[in-house]
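Asks: Supplied structure: entry-v1.cif, mmCIF, C-alpha atoms.
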```cif
data_input
loop_
_atom_site.label_atom_id
_atom_site.label_comp_id
_atom_site.auth_asym_id
_atom_site.auth_seq_id
_atom_site.Cartn_x
_atom_site.Cartn_y
_atom_site.Cartn_z
CA MET A 404 -20.66 2.79 291.51
CA GLY A 405 -23.77 0.76 292.33
CA TRP A 406 -25.00 -2.02 290.10
CA MET A 407 -27.97 -0.02 288.77
CA ALA A 408 -25.72 2.87 287.80
CA ALA A 409 -23.32 0.40 286.15
CA VAL A 410 -26.14 -1.08 284.06
CA ALA A 411 -27.18 2.43 283.00
CA ARG A 412 -23.58 3.30 282.13
CA LEU A 413 -23.14 0.24 279.92
CA ARG A 414 -26.43 0.99 278.17
CA ALA A 415 -25.49 4.61 277.54
CA ARG A 416 -22.16 3.53 276.07
CA ARG A 417 -23.78 0.73 274.06
CA GLU A 418 -21.46 -1.82 275.63
CA PRO A 419 -22.44 -5.42 276.43
CA GLY A 420 -22.60 -6.62 279.99
CA VAL A 421 -23.90 -9.34 282.28
CA LEU A 422 -25.89 -8.90 285.48
CA VAL A 423 -24.86 -11.62 287.96
CA THR A 424 -27.26 -12.28 290.84
CA VAL A 425 -27.06 -14.70 293.76
CA ALA A 426 -30.34 -16.52 293.13
CA THR A 427 -30.44 -19.05 295.98
CA VAL A 428 -28.39 -19.81 299.07
CA ARG A 429 -28.46 -22.98 301.15
CA GLY A 430 -26.47 -23.01 304.33
CA HIS A 431 -23.54 -20.64 304.79
CA ALA A 432 -22.34 -18.45 301.90
CA PRO A 433 -20.38 -15.20 301.46
CA ARG A 434 -23.47 -13.19 300.38
CA ARG A 435 -27.22 -13.48 300.71
CA ALA A 436 -29.59 -14.14 297.84
CA GLY A 437 -30.09 -10.99 295.81
CA ALA A 438 -26.45 -9.82 295.89
CA LYS A 439 -25.48 -8.48 292.47
CA LEU A 440 -22.44 -7.98 290.30
CA VAL A 441 -22.25 -6.29 286.89
CA VAL A 442 -19.57 -7.45 284.46
CA GLY A 443 -18.70 -5.22 281.51
CA PRO A 444 -16.11 -5.65 278.78
CA THR A 445 -13.33 -4.26 280.98
CA GLY A 446 -14.73 -3.51 284.44
CA THR A 447 -16.89 -4.98 287.20
CA TRP A 448 -19.19 -3.32 289.73
CA GLY A 449 -20.68 -4.79 292.88
CA SER A 450 -19.90 -8.19 294.39
CA ILE A 451 -21.43 -11.61 294.94
CA GLY A 452 -18.94 -12.50 297.65
CA GLY A 453 -15.51 -12.72 296.09
CA GLY A 454 -13.44 -15.87 295.97
CA ASN A 455 -14.00 -18.72 293.55
CA ILE A 456 -17.71 -17.98 293.05
CA GLU A 457 -17.11 -14.45 291.88
CA ALA A 458 -14.02 -15.23 289.80
CA VAL A 459 -15.74 -18.09 287.93
CA ALA A 460 -18.85 -15.99 287.39
CA ILE A 461 -16.75 -13.15 285.95
CA ASP A 462 -14.95 -15.55 283.61
CA ARG A 463 -18.26 -16.91 282.34
CA ALA A 464 -19.79 -13.44 282.06
CA ARG A 465 -16.89 -12.31 279.90
CA GLU A 466 -17.49 -15.32 277.64
CA LEU A 467 -21.16 -14.34 277.35
CA ASN A 468 -20.16 -10.77 276.54
CA GLY A 469 -18.33 -12.08 273.51
CA ALA A 470 -21.11 -14.44 272.38
CA ALA A 471 -23.35 -13.63 269.42
CA ASP A 472 -26.72 -14.36 271.03
CA PRO A 473 -26.22 -15.10 274.75
CA GLU A 474 -29.02 -16.51 276.88
CA PRO A 475 -29.49 -16.29 280.67
CA GLU A 476 -28.04 -19.22 282.55
CA LEU A 477 -27.60 -20.63 286.06
CA MET A 478 -24.36 -21.70 287.73
CA GLU A 479 -24.25 -23.82 290.90
CA PHE A 480 -21.45 -23.82 293.47
CA ALA A 481 -20.88 -26.19 296.37
CA LEU A 482 -18.86 -24.45 299.09
CA ASN A 483 -16.93 -27.17 300.86
CA ASP A 484 -13.33 -28.32 301.12
CA LYS A 485 -13.99 -31.34 298.90
CA VAL A 486 -14.64 -29.15 295.85
CA THR A 487 -11.66 -27.53 294.16
CA GLY A 488 -12.75 -24.60 292.06
CA ARG A 489 -10.98 -23.04 289.14
CA HIS A 490 -9.85 -20.19 291.39
CA GLY A 491 -9.39 -22.01 294.68
CA VAL A 492 -11.49 -23.51 297.48
CA GLN A 493 -14.35 -21.91 299.41
CA CYS A 494 -15.40 -23.96 302.42
CA CYS A 495 -18.25 -21.93 303.91
CA GLY A 496 -20.30 -25.12 303.99
CA GLY A 497 -23.27 -24.04 301.90
CA ALA A 498 -24.37 -24.07 298.29
CA VAL A 499 -25.07 -21.13 295.98
CA THR A 500 -26.90 -20.76 292.68
CA VAL A 501 -25.97 -17.76 290.56
CA LEU A 502 -28.04 -16.32 287.69
CA LEU A 503 -26.21 -14.67 284.79
CA GLU A 504 -28.38 -12.35 282.69
CA PRO A 505 -26.83 -10.85 279.55
CA LEU A 506 -27.51 -7.13 279.13
CA PRO A 507 -28.05 -6.53 275.43
CA VAL A 508 -26.62 -3.56 273.59
CA VAL A 509 -29.75 -1.61 272.72
CA GLN A 510 -30.13 0.32 269.49
CA ALA A 511 -29.94 4.12 269.51
CA VAL A 512 -31.83 6.41 267.13
CA ALA A 513 -31.66 10.20 266.79
CA VAL A 514 -34.55 11.96 265.06
CA PHE A 515 -33.65 15.49 264.01
CA GLY A 516 -36.92 17.33 263.55
CA VAL A 517 -39.95 16.48 265.67
CA GLY A 518 -42.61 17.89 263.38
CA HIS A 519 -45.64 15.95 262.14
CA VAL A 520 -43.63 13.04 260.73
CA GLY A 521 -40.99 13.13 263.46
CA LEU A 522 -43.55 12.90 266.25
CA GLU A 523 -45.41 10.04 264.56
CA LEU A 524 -42.09 8.24 264.13
CA ALA A 525 -41.19 8.86 267.77
CA ARG A 526 -44.51 7.33 268.85
CA ILE A 527 -43.70 4.13 266.98
CA LEU A 528 -40.05 3.87 268.00
CA ALA A 529 -40.88 4.63 271.64
CA ARG A 530 -42.65 1.26 271.86
CA HIS A 531 -39.29 -0.51 271.45
CA ASP A 532 -36.42 -1.02 273.87
CA LEU A 533 -33.96 1.51 272.50
CA ASP A 534 -32.44 4.90 273.24
CA LEU A 535 -34.42 7.53 271.37
CA HIS A 536 -32.99 11.03 270.94
CA LEU A 537 -35.41 13.72 269.80
CA VAL A 538 -33.75 16.89 268.55
CA ASP A 539 -35.38 20.13 267.44
CA SER A 540 -34.45 23.81 267.30
CA ARG A 541 -38.08 24.85 267.98
CA PRO A 542 -39.12 24.81 271.65
CA ASP A 543 -42.82 24.42 270.79
CA MET A 544 -42.09 21.03 269.22
CA LEU A 545 -40.66 19.70 272.49
CA THR A 546 -43.21 20.82 275.07
CA ASP A 547 -44.31 18.37 277.77
CA GLU A 548 -47.85 18.60 276.45
CA ARG A 549 -46.88 17.69 272.88
CA LEU A 550 -44.54 14.88 273.94
CA GLY A 551 -47.08 13.57 276.43
CA VAL A 552 -47.93 10.80 273.94
CA LEU A 553 -44.55 9.27 274.85
CA VAL A 554 -45.21 9.15 278.59
CA ASP A 555 -45.54 5.34 278.61
CA ALA A 556 -42.55 4.79 276.33
CA VAL A 557 -40.57 1.57 276.56
CA ALA A 558 -37.63 3.41 275.04
CA GLN A 559 -35.44 5.75 277.03
CA VAL A 560 -36.32 9.13 275.49
CA HIS A 561 -33.75 11.94 275.47
CA VAL A 562 -35.01 15.39 274.43
CA HIS A 563 -32.56 17.94 273.01
CA HIS A 564 -33.63 21.54 272.41
CA THR A 565 -30.95 23.08 270.18
CA PRO A 566 -31.92 26.62 269.14
CA LEU A 567 -28.56 27.43 267.57
CA LEU A 568 -26.62 24.35 266.45
CA PRO A 569 -28.64 21.13 266.24
CA GLU A 570 -25.66 19.43 264.61
CA ALA A 571 -23.71 19.77 267.89
CA VAL A 572 -25.82 16.92 269.27
CA LEU A 573 -24.23 14.50 266.78
CA GLY A 574 -20.98 14.44 268.72
CA GLU A 575 -22.82 13.58 271.94
CA LEU A 576 -24.63 10.52 270.58
CA PRO A 577 -23.56 7.01 271.60
CA PRO A 578 -21.55 5.03 269.04
CA GLY A 579 -23.59 3.37 266.31
CA THR A 580 -26.57 5.71 266.64
CA HIS A 581 -28.82 5.71 263.57
CA VAL A 582 -29.55 9.26 262.45
CA LEU A 583 -32.72 10.43 260.71
CA ILE A 584 -32.77 14.00 259.39
CA MET A 585 -36.23 15.48 258.87
CA THR A 586 -36.27 19.06 260.14
CA HIS A 587 -38.55 21.88 259.02
CA ASP A 588 -35.67 23.77 257.37
CA HIS A 589 -33.73 22.56 254.31
CA ALA A 590 -30.73 24.65 255.36
CA GLU A 591 -30.75 22.90 258.73
CA ASP A 592 -31.04 19.54 256.98
CA ALA A 593 -28.04 20.40 254.79
CA ALA A 594 -25.93 21.41 257.79
CA LEU A 595 -26.86 18.20 259.57
CA CYS A 596 -25.93 16.08 256.55
CA ASP A 597 -22.52 17.75 256.36
CA ALA A 598 -21.93 17.39 260.11
CA ALA A 599 -23.09 13.74 260.14
CA LEU A 600 -20.55 12.85 257.46
CA ARG A 601 -17.85 14.45 259.62
CA THR A 602 -18.90 12.61 262.78
CA ALA A 603 -17.14 9.30 263.33
CA GLY A 604 -18.92 6.27 264.70
CA LEU A 605 -22.50 6.93 263.61
CA GLY A 606 -24.75 4.19 262.30
CA SER A 607 -26.90 4.76 259.24
CA ILE A 608 -27.80 8.27 258.09
CA GLY A 609 -31.21 8.85 256.52
CA LEU A 610 -32.58 12.04 254.99
CA ILE A 611 -36.23 12.72 254.22
CA GLY A 612 -36.77 14.53 250.94
CA SER A 613 -37.42 14.54 247.24
CA SER A 614 -34.95 13.67 244.49
CA ALA A 615 -34.67 17.37 243.60
CA LYS A 616 -33.73 18.23 247.18
CA TRP A 617 -31.14 15.47 247.29
CA SER A 618 -29.64 16.54 243.97
CA ARG A 619 -28.99 20.02 245.40
CA PHE A 620 -27.67 18.61 248.65
CA ARG A 621 -25.37 16.14 246.94
CA GLN A 622 -23.77 18.86 244.83
CA ARG A 623 -23.36 21.11 247.85
CA LEU A 624 -21.83 18.34 249.96
CA ALA A 625 -19.27 17.72 247.22
CA THR A 626 -18.39 21.28 246.24
CA GLU A 627 -18.74 23.14 249.54
CA GLY A 628 -18.30 20.31 252.01
CA GLY A 629 -15.45 18.57 250.20
CA HIS A 630 -16.97 15.11 250.68
CA ASP A 631 -16.17 12.45 248.10
CA ALA A 632 -18.82 10.30 246.43
CA ALA A 633 -18.24 7.33 248.74
CA ALA A 634 -18.82 9.47 251.81
CA ILE A 635 -21.93 11.10 250.38
CA ASP A 636 -23.34 7.68 249.54
CA ARG A 637 -23.53 6.97 253.28
CA ILE A 638 -26.67 9.09 253.30
CA THR A 639 -29.83 7.26 252.28
CA THR A 640 -32.62 9.25 250.70
CA PRO A 641 -35.52 8.83 250.27
CA ILE A 642 -36.10 6.75 253.38
CA GLY A 643 -38.71 4.11 254.02
CA LEU A 644 -39.89 0.85 252.51
CA THR A 645 -40.30 0.35 248.80
CA GLY A 646 -43.90 0.44 247.64
CA ILE A 647 -45.35 2.52 250.46
CA THR A 648 -46.16 5.73 248.66
CA GLY A 649 -48.58 7.52 250.97
CA LYS A 650 -47.64 11.00 252.11
CA GLU A 651 -49.63 11.16 255.34
CA PRO A 652 -47.29 11.68 258.35
CA ALA A 653 -48.36 8.44 260.03
CA THR A 654 -47.87 6.47 256.79
CA ILE A 655 -44.40 7.88 256.25
CA ALA A 656 -43.53 7.16 259.89
CA VAL A 657 -44.64 3.52 259.62
CA SER A 658 -42.59 3.10 256.44
CA VAL A 659 -39.46 4.65 257.95
CA ALA A 660 -39.82 2.74 261.23
CA ALA A 661 -40.26 -0.60 259.44
CA ASP A 662 -37.14 0.03 257.37
CA LEU A 663 -35.22 0.98 260.50
CA LEU A 664 -36.37 -2.16 262.31
CA ARG A 665 -35.11 -4.20 259.38
CA THR A 666 -31.77 -2.43 259.79
CA PHE A 667 -31.73 -3.39 263.47
CA GLU A 668 -32.10 -7.04 262.49
CA GLN A 669 -29.26 -6.71 260.02
CA ASP A 670 -27.13 -5.11 262.73
CA ARG A 671 -27.41 -8.17 264.93
CA PRO A 672 -23.97 -9.84 265.31
CA TRP A 673 -25.01 -13.09 263.63
CA ALA A 674 -26.67 -11.39 260.64
CA VAL A 675 -25.03 -10.44 257.37
CA PRO A 676 -23.90 -6.79 257.72
CA ASN A 677 -26.18 -4.60 255.64
CA THR A 678 -27.52 -1.23 256.79
CA ILE A 679 -29.76 1.40 255.26
CA ALA A 680 -26.64 3.50 254.90
CA GLU A 681 -25.46 0.88 252.40
CA VAL A 682 -28.71 -0.04 250.66
CA ALA A 683 -31.25 2.52 249.42
CA TYR A 684 -34.91 1.61 249.34
CA PRO A 685 -36.44 4.26 247.03
CA THR A 686 -39.95 5.34 247.92
CA ALA A 687 -42.14 8.33 247.32
CA ALA A 688 -42.99 8.21 251.02
CA GLY A 689 -39.70 9.94 251.73
CA SER A 690 -40.57 13.06 249.80
CA ALA A 691 -40.84 16.40 251.49
#
```
Can you dump the structure from the file as structure tokens?
Replies:
Amino acid sequence: MGWMAAVARLRARREPGVLVTVATVRGHAPRRAGAKLVVGPTGTWGSIGGGNIEAVAIDRARELNGAADPEPELMEFALNDKVTGRHGVQCCGGAVTVLLEPLPVVQAVAVFGVGHVGLELARILARHDLDLHLVDSRPDMLTDERLGVLVDAVAQVHVHHTPLLPEAVLGELPPGTHVLIMTHDHAEDAALCDAALRTAGLGSIGLIGSSAKWSRFRQRLATEGGHDAAAIDRITTPIGLTGITGKEPATIAVSVAADLLRTFEQDRPWAVPNTIAEVAYPTAAGSA
């Protein structure tokens, strides 16, 4: 597997990694400047020349993988028989500088329902470095023309047309994906809520809707779905920031996106754990 494919694989799996690049070479060295190595939690892909250089770089990359907020850094190696490295001697005669760049675990969000609110929300989230999954059972919601507003997205956008079972997408999402349920059909919303509670490894689960809608859903999830109160409480509804009460699609989308961005901050390893699945922020903006 090439280094670019390895980076994509780590991102898709939401696993940390480090991209190691030979930045400069003076004299003789095993590889030229630009050679790359990707170091994941358990595997490596590519090579910067083997020997002490590569072994030390891998050791340091693994340390960075376990750090809370790693920063890029440079390592310098002198390749002569007077320098004893941690993993032996390399006496090519040159000197090498290696750049280690941590590859962050990006957030993943799945929006079920790309109607008026869903599309406005997608436009906001697409401006961030994350994996954005857009799911809808209606093909006209996912046309190239309609989603053309996302053409310059920073996010990696994944479009899922699911005419029969939208909830099947839940099992395909990367671990920790935050799920927002806002389809055009309350029956579809209910099925997605039930399936989300049965899907291990998801992040927060948010449902757009009124208190009356949630009351019916909650009873159904308990009596028909067999979920206990603690499980049902994983679903946050309404969604959005407190105090933003406008019902325009763009207003609701801004409110929901801001709340989700706050959740991202709380998800950071050095922050106190606290997600929107655990804390409800009541707002009329979440009504539907």
Asks: Can you list, as a list in words, every protein, DNA or RNA residue that comes within 7 Å of Ile451 in chain A when you count all atoms listed in the file, leaving out same-chain residues fewer than 2 positions away?
Replies: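 Listed by chain and then number, they are Val425, Arg434, Ala438, Lys439, Leu440, Gly453 and Glu457 of chain A.
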Asks: May I have the selected residues written with C-alpha atoms, as an mmCIF file, keeping the file's coordinate frame?
Replies:
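Output file result-v1.cif is given in full below:
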```cif
data_model
loop_
_atom_site.group_PDB
_atom_site.id
_atom_site.type_symbol
_atom_site.label_atom_id
_atom_site.label_comp_id
_atom_site.auth_asym_id
_atom_site.auth_seq_id
_atom_site.Cartn_x
_atom_site.Cartn_y
_atom_site.Cartn_z
ATOM 1 C CA VAL A 425 -27.060 -14.700 293.760
ATOM 2 C CA ARG A 434 -23.470 -13.190 300.380
ATOM 3 C CA ALA A 438 -26.450 -9.820 295.890
ATOM 4 C CA LYS A 439 -25.480 -8.480 292.470
ATOM 5 C CA LEU A 440 -22.440 -7.980 290.300
ATOM 6 C CA GLY A 453 -15.510 -12.720 296.090
ATOM 7 C CA GLU A 457 -17.110 -14.450 291.880
#
```
Asks: Find the nearest atom pair between each residue of range 439-546 of chain A and range 572-585 of chain A for residues within 10 Å, count all atoms listed in the file, give distances in Å to one decimal, sort rows by chain and ascending number, and present the table as CSV.
Replies:
```
residue,atom,partner,partner_atom,distance
A:Gln510,CA,A:Thr580,CA,7.1
A:Ala511,CA,A:Thr580,CA,4.7
A:Val512,CA,A:His581,CA,4.7
A:Ala513,CA,A:Val582,CA,4.9
A:Val514,CA,A:Leu583,CA,5.0
A:Phe515,CA,A:Ile584,CA,4.9
A:Gly516,CA,A:Met585,CA,5.1
A:Val517,CA,A:Met585,CA,7.8
A:Gly518,CA,A:Met585,CA,8.2
A:His519,CA,A:Met585,CA,10.0
A:Val520,CA,A:Met585,CA,8.0
A:Gly521,CA,A:Met585,CA,7.0
A:Asp534,CA,A:Thr580,CA,8.9
A:Leu535,CA,A:Thr580,CA,9.3
A:His536,CA,A:Leu576,CA,8.4
A:Val538,CA,A:Val572,CA,8.0
A:Asp539,CA,A:Met585,CA,9.8
```
Asks: Leaving out Leu624 in chain A and any residue of its chain fewer than 4 positions from it, which residues lie within 12 Å of it when counting all atoms listed in the file, given as a VMD selection string?
Replies: chain A and resid 592 to 601 617 to 620 628 to 638
Asks: Which residues are close to Arg435 in chain A, i.e. within 12 Å by only C-alpha atoms, leaving aside same-chain residues fewer than 6 positions away? Reply as JSON, numbers by chain.
Replies: {"A": [424, 425, 426, 427, 428, 429, 450, 451, 452, 497, 498, 499, 500, 501]}
Asks: May I have the residues from that selection written out with C-alpha atoms, as a compact mmCIF listing (two decimals), keeping the file's coordinate frame?
Replies:
```
# COMPACT_ATOMS: atom_id res chain seq x y z
CA THR A 424 -27.26 -12.28 290.84
CA VAL A 425 -27.06 -14.70 293.76
CA ALA A 426 -30.34 -16.52 293.13
CA THR A 427 -30.44 -19.05 295.98
CA VAL A 428 -28.39 -19.81 299.07
CA ARG A 429 -28.46 -22.98 301.15
CA SER A 450 -19.90 -8.19 294.39
CA ILE A 451 -21.43 -11.61 294.94
CA GLY A 452 -18.94 -12.50 297.65
CA GLY A 497 -23.27 -24.04 301.90
CA ALA A 498 -24.37 -24.07 298.29
CA VAL A 499 -25.07 -21.13 295.98
CA THR A 500 -26.90 -20.76 292.68
CA VAL A 501 -25.97 -17.76 290.56
```
Asks: Given the file shown, determine the residues that the PyMOL selection byres ((chain A and resi 508) around 10) selects; report them as a PDB file with C-alpha atoms, in the frame of the given file.
Replies:
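As written to disk, part.pdb reads:
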```
ATOM      1  CA  LEU A 413     -23.140   0.240 279.920  1.00  0.00           C
ATOM      2  CA  ARG A 414     -26.430   0.990 278.170  1.00  0.00           C
ATOM      3  CA  ALA A 415     -25.490   4.610 277.540  1.00  0.00           C
ATOM      4  CA  ARG A 416     -22.160   3.530 276.070  1.00  0.00           C
ATOM      5  CA  ARG A 417     -23.780   0.730 274.060  1.00  0.00           C
ATOM      6  CA  GLU A 418     -21.460  -1.820 275.630  1.00  0.00           C
ATOM      7  CA  PRO A 419     -22.440  -5.420 276.430  1.00  0.00           C
ATOM      8  CA  GLY A 420     -22.600  -6.620 279.990  1.00  0.00           C
ATOM      9  CA  PRO A 505     -26.830 -10.850 279.550  1.00  0.00           C
ATOM     10  CA  LEU A 506     -27.510  -7.130 279.130  1.00  0.00           C
ATOM     11  CA  PRO A 507     -28.050  -6.530 275.430  1.00  0.00           C
ATOM     12  CA  VAL A 509     -29.750  -1.610 272.720  1.00  0.00           C
ATOM     13  CA  GLN A 510     -30.130   0.320 269.490  1.00  0.00           C
ATOM     14  CA  ALA A 511     -29.940   4.120 269.510  1.00  0.00           C
ATOM     15  CA  LEU A 533     -33.960   1.510 272.500  1.00  0.00           C
ATOM     16  CA  ARG A 671     -27.410  -8.170 264.930  1.00  0.00           C
TER      17      ARG A 671
END
```
Asks: Of the candidates A:Ala556, A:Val421, A:Ile642, A:Ala411, which one gets nearest to Ala470 in chain A if we count all atoms listed in the file?
Replies: A:Val421
Asks: Please compute the CA of Val441 in chain A-CA of Ala409 in chain A distance, one decimal, in Å.
Replies: 6.8 Å
Asks: Using the incomplete input, complete range 531-544 of chain A to the level of N, CA and C atoms; output as a short mmCIF file (atom, residue, chain, number, x, y, z; two decimals), in the frame of the given file.
Replies:
```cif
data_model
loop_
_atom_site.label_atom_id
_atom_site.label_comp_id
_atom_site.auth_asym_id
_atom_site.auth_seq_id
_atom_site.Cartn_x
_atom_site.Cartn_y
_atom_site.Cartn_z
N HIS A 531 -40.37 0.48 271.52
CA HIS A 531 -39.29 -0.51 271.45
C HIS A 531 -38.21 -0.18 272.47
N ASP A 532 -37.48 -1.21 272.90
CA ASP A 532 -36.42 -1.02 273.87
C ASP A 532 -35.19 -0.46 273.16
N LEU A 533 -35.09 0.84 273.13
CA LEU A 533 -33.96 1.51 272.50
C LEU A 533 -33.76 2.88 273.15
N ASP A 534 -32.67 3.53 272.80
CA ASP A 534 -32.44 4.90 273.24
C ASP A 534 -32.87 5.82 272.11
N LEU A 535 -33.83 6.67 272.39
CA LEU A 535 -34.42 7.53 271.37
C LEU A 535 -34.10 8.99 271.69
N HIS A 536 -33.37 9.63 270.79
CA HIS A 536 -32.99 11.03 270.94
C HIS A 536 -33.85 11.87 270.00
N LEU A 537 -34.56 12.83 270.57
CA LEU A 537 -35.41 13.72 269.80
C LEU A 537 -34.80 15.11 269.84
N VAL A 538 -34.50 15.64 268.65
CA VAL A 538 -33.75 16.89 268.55
C VAL A 538 -34.55 17.88 267.72
N ASP A 539 -34.69 19.10 268.22
CA ASP A 539 -35.38 20.13 267.44
C ASP A 539 -34.91 21.51 267.92
N SER A 540 -34.85 22.44 266.96
CA SER A 540 -34.45 23.81 267.30
C SER A 540 -35.63 24.65 267.76
N ARG A 541 -36.85 24.10 267.64
CA ARG A 541 -38.08 24.85 267.98
C ARG A 541 -38.62 24.36 269.33
N PRO A 542 -38.67 25.24 270.31
CA PRO A 542 -39.12 24.81 271.65
C PRO A 542 -40.55 24.30 271.66
N ASP A 543 -41.41 24.83 270.77
CA ASP A 543 -42.82 24.42 270.79
C ASP A 543 -43.02 23.00 270.30
N MET A 544 -42.00 22.43 269.66
CA MET A 544 -42.09 21.03 269.22
C MET A 544 -41.75 20.06 270.35
#
```
